[in-house]
Amino acid sequence: MIRLYAWWSGMSRQGRTGWTLVIFGAGYLIYFFKARLFEVGPEITRKEWFVCAGMLVLIVLGTINIRMAEMRERRQGTLPLVDTSPRSRK
């Protein structure tokens with residue numbers, strides 16, 4: 001649990017926002033598929049289909065946020081495994 005908190009706290013705000021969007025959207029889609037689509041019950045309304053499509057968009061936006069946060073971190077500094085020595089490679 002401490003590792004999860006350290007990972008979450010070490011991320012940028014943009015990365016945390018992206019992961020929040022992805023987790024929330026995926027959670028709703030899992031509920032929708034399990035409880036509404038694959039079970040017998042009342043007809044699925046147009047509003048529920050609209051919300052399902054909105055959650056797909058939410059996952060895409062969250063993924064974009066995560067990728068942009070990673071690109072920003074790479075631009076701000078060197079990666080830990082990058083060789084920073086000035087000698088050329090052969």
# chains A, B, ... in the order shown; residues from 1 in each chain; ligands from 1
$ residues_around --residues "region 12-26 of chain A" --least-positions-apart "4" --cutoff "9 Å" --atoms "only C-alpha atoms" --output "PyMOL selection string"
chain A and resi 8+30-31+52+54-70+73
$ select_by_dssp --residues "chain A" --states "alpha helix (DSSP H)" --output "ChimeraX atom specification"
/A:2-10,13-31,46-76
$ atom_distance --atom1 "CA of Tyr28 (chain A)" --atom2 "CA of Gly10 (chain A)"
26.4 Å
